[in-house]
Amino acid sequence: MKKIVSLLLVVLFLGSCNEYQKALKSEDVAVKFDMASKLYDAGKYSKAIRIFEQIAPAYRGKPQAEKLFYMFSQSYFKTKQYYLAGYQFESFVSSYPKSEKLQEASFLGAKSYSMLSPVYSLDQVDTIKAIDKLQSFIDNYPNSEYLAEANAIVKVLNEKIEKKVYENAKGYNTISDYKSALVAFDNFIADYPGTPFKEDALFYKLDSAYQLAINSVPAKMEDRLNVAKTAYSNLIKFNAETQYKEKAGDMFARIEKDLQKFTK
């Protein structure tokens, strides 16, 4: 019995493959459309794409075109071909502004670009593009069922950009270029006041100011110690129980001690 079932499955599989190959070679676009639809419904998106690519030009302007291009866009998205998915969804939105799938396509098109966003250490051009696309969707569909997800994605993308800028500023501290670090941290804190990296930025700004001060020539030391003291106050004001409390406290004690030299 098991052999018979296995044999039937093999026959069905071969038959299915044969139908697919026939559809690929067929010159009848209706046959191709029917096969592509079946493949799409079965979740065989890669195979469906091969046929959609063949018949898409022939279906533009036809009644079935809206369904075809929606499935075509989704197939790219399902197979993680996000550049192509983004392009196809945007084309769908512009071509079918009255479609019941318009809102979904607008969201998925924007989401496709977010999937192209690289790790924070790389160039963030695609991340910025994705934020613009998602923000446009949010503005156009403020009551969308996809609004929460869109906002969540934007938050993640914004934090990625913030992390890159923060790490760039911290890099100056790492290589002991403390003057540049102070400027970079000031700009970062001003540009991203609500960033989750604010406490870290305030500490490394303090560290940069402290290192610059204690290694200064006497003529510049007092002013720089006061800058470091202000940096310490800003950190403690932001979070009195900061994770850097012990290190910051040690720096502050040294700052106060060194400042006493200038009051005598």
# chains A, B, ... in the order shown; residues from 1 in each chain; ligands from 1

call {"tool": "residues_around", "arguments": {"residues": "Asp207 in chain A", "least_positions_apart": "2", "cutoff": "9 Å", "atoms": "only C-alpha atoms", "output": "number ranges by chain"}}
result
A: 173, 178, 202-205, 209-212, 228, 231-232, 248, 251

call {"tool": "write_last_selection", "arguments": {"atoms": "C-alpha atoms", "output": "mmCIF file, in the first residue's frame"}}
result
data_model
loop_
_atom_site.group_PDB
_atom_site.id
_atom_site.type_symbol
_atom_site.label_atom_id
_atom_site.label_comp_id
_atom_site.auth_asym_id
_atom_site.auth_seq_id
_atom_site.Cartn_x
_atom_site.Cartn_y
_atom_site.Cartn_z
ATOM 1 C CA ASN A 173 37.243 59.402 22.125
ATOM 2 C CA TYR A 178 39.170 64.603 22.581
ATOM 3 C CA LEU A 202 26.942 62.237 28.174
ATOM 4 C CA PHE A 203 29.447 59.954 29.885
ATOM 5 C CA TYR A 204 31.875 59.833 26.991
ATOM 6 C CA LYS A 205 31.542 63.585 26.604
ATOM 7 C CA ALA A 209 36.421 66.697 28.558
ATOM 8 C CA TYR A 210 38.179 65.157 31.560
ATOM 9 C CA GLN A 211 41.016 63.641 29.528
ATOM 10 C CA LEU A 212 41.491 66.883 27.613
ATOM 11 C CA ALA A 228 34.535 68.760 32.419
ATOM 12 C CA ALA A 231 29.791 67.656 31.679
ATOM 13 C CA TYR A 232 29.703 65.707 34.953
ATOM 14 C CA ALA A 248 32.181 59.592 36.772
ATOM 15 C CA MET A 251 36.685 61.864 37.542
#

call {"tool": "closest_residue", "arguments": {"among": "A:Glu19, A:Glu167, A:Asp132, A:Glu104", "to": "Ala201 in chain A", "atoms": "only C-alpha atoms"}}
result
A:Glu167

call {"tool": "residues_around", "arguments": {"residues": "Tyr113 in chain A", "least_positions_apart": "2", "cutoff": "7 Å", "atoms": "only C-alpha atoms", "output": "list in words"}}
result
Tyr82, Tyr83, Gly86, Gly109, Ala110, Lys111, Met115, Leu116, Asp126 and Ala130 of chain A

call {"tool": "write_last_selection", "arguments": {"atoms": "C-alpha atoms", "output": "CSV table (one decimal), in the first residue's frame"}}
result
chain,number,residue,atom,x,y,z
A,82,TYR,CA,13.2,43.5,-1.6
A,83,TYR,CA,14.6,45.9,-4.2
A,86,GLY,CA,9.7,47.7,-3.4
A,109,GLY,CA,6.4,48.8,-0.6
A,110,ALA,CA,7.8,50.9,2.2
A,111,LYS,CA,8.6,47.9,4.4
A,115,MET,CA,14.4,45.2,4.8
A,116,LEU,CA,17.3,46.6,2.7
A,126,ASP,CA,18.9,52.7,2.3
A,130,ALA,CA,13.2,53.5,4.1

call {"tool": "atom_distance", "arguments": {"atom1": "CA of Asp177 in chain A", "atom2": "CA of Ala213 in chain A"}}
result
12.6 Å

call {"tool": "closest_atom_pairs", "arguments": {"of": "range 34-142 of chain A", "to": "range 22-29 of chain A", "cutoff": "10 Å", "atoms": "only C-alpha atoms", "output": "Markdown table"}}
result
| residue | atom | partner | partner_atom | distance |
| --- | --- | --- | --- | --- |
| A:Asp34 | CA | A:Val29 | CA | 8.6 |
| A:Met35 | CA | A:Ala23 | CA | 6.7 |
| A:Ala36 | CA | A:Ala23 | CA | 8.7 |
| A:Lys47 | CA | A:Leu24 | CA | 9.7 |
| A:Arg50 | CA | A:Leu24 | CA | 8.0 |
| A:Ile51 | CA | A:Leu24 | CA | 6.4 |
| A:Phe52 | CA | A:Val29 | CA | 10.0 |
| A:Gln54 | CA | A:Leu24 | CA | 8.3 |
| A:Ile55 | CA | A:Val29 | CA | 6.3 |
| A:Ala56 | CA | A:Val29 | CA | 9.5 |
| A:Ala58 | CA | A:Val29 | CA | 7.8 |
| A:Tyr59 | CA | A:Val29 | CA | 8.5 |

call {"tool": "write_last_selection", "arguments": {"atoms": "C-alpha atoms", "output": "PDB file, in the first residue's frame"}}
result
ATOM      1  CA  ASP A  34      -3.649  30.408 -14.729  1.00  0.00           C
ATOM      2  CA  MET A  35      -0.495  28.462 -13.891  1.00  0.00           C
ATOM      3  CA  ALA A  36       1.155  31.441 -12.184  1.00  0.00           C
ATOM      4  CA  LYS A  47       8.230  29.512  -9.924  1.00  0.00           C
ATOM      5  CA  ARG A  50       9.289  33.176 -13.703  1.00  0.00           C
ATOM      6  CA  ILE A  51       5.880  33.217 -15.374  1.00  0.00           C
ATOM      7  CA  PHE A  52       4.860  36.649 -14.071  1.00  0.00           C
ATOM      8  CA  GLN A  54       7.030  36.563 -18.958  1.00  0.00           C
ATOM      9  CA  ILE A  55       3.455  37.826 -19.078  1.00  0.00           C
ATOM     10  CA  ALA A  56       3.544  41.125 -17.142  1.00  0.00           C
ATOM     11  CA  ALA A  58       1.171  41.627 -22.078  1.00  0.00           C
ATOM     12  CA  TYR A  59      -1.297  42.176 -19.210  1.00  0.00           C
TER      13      TYR A  59
END

call {"tool": "residues_around", "arguments": {"residues": "Lys170 in chain A", "least_positions_apart": "4", "cutoff": "12 Å", "atoms": "only C-alpha atoms", "output": "list in words"}}
result
Lys163, Lys164, Val165, Tyr166, Thr174, Ile175, Ser176, Asp177, Tyr178, Lys179, Ser180, Ala181, Leu182, Val183, Ala184, Phe185, Asp186, Phe188, Phe197, Asp200, Ala201, Leu202, Phe203, Tyr204, Lys205, Leu206, Asp207 and Ser208 of chain A

call {"tool": "select_by_dssp", "arguments": {"residues": "range 110-256 of chain A", "states": "alpha helix (DSSP H)", "output": "PyMOL selection string"}}
result
chain A and resi 110-114+125-140+147-174+178-191+198-214+218-238+245-256
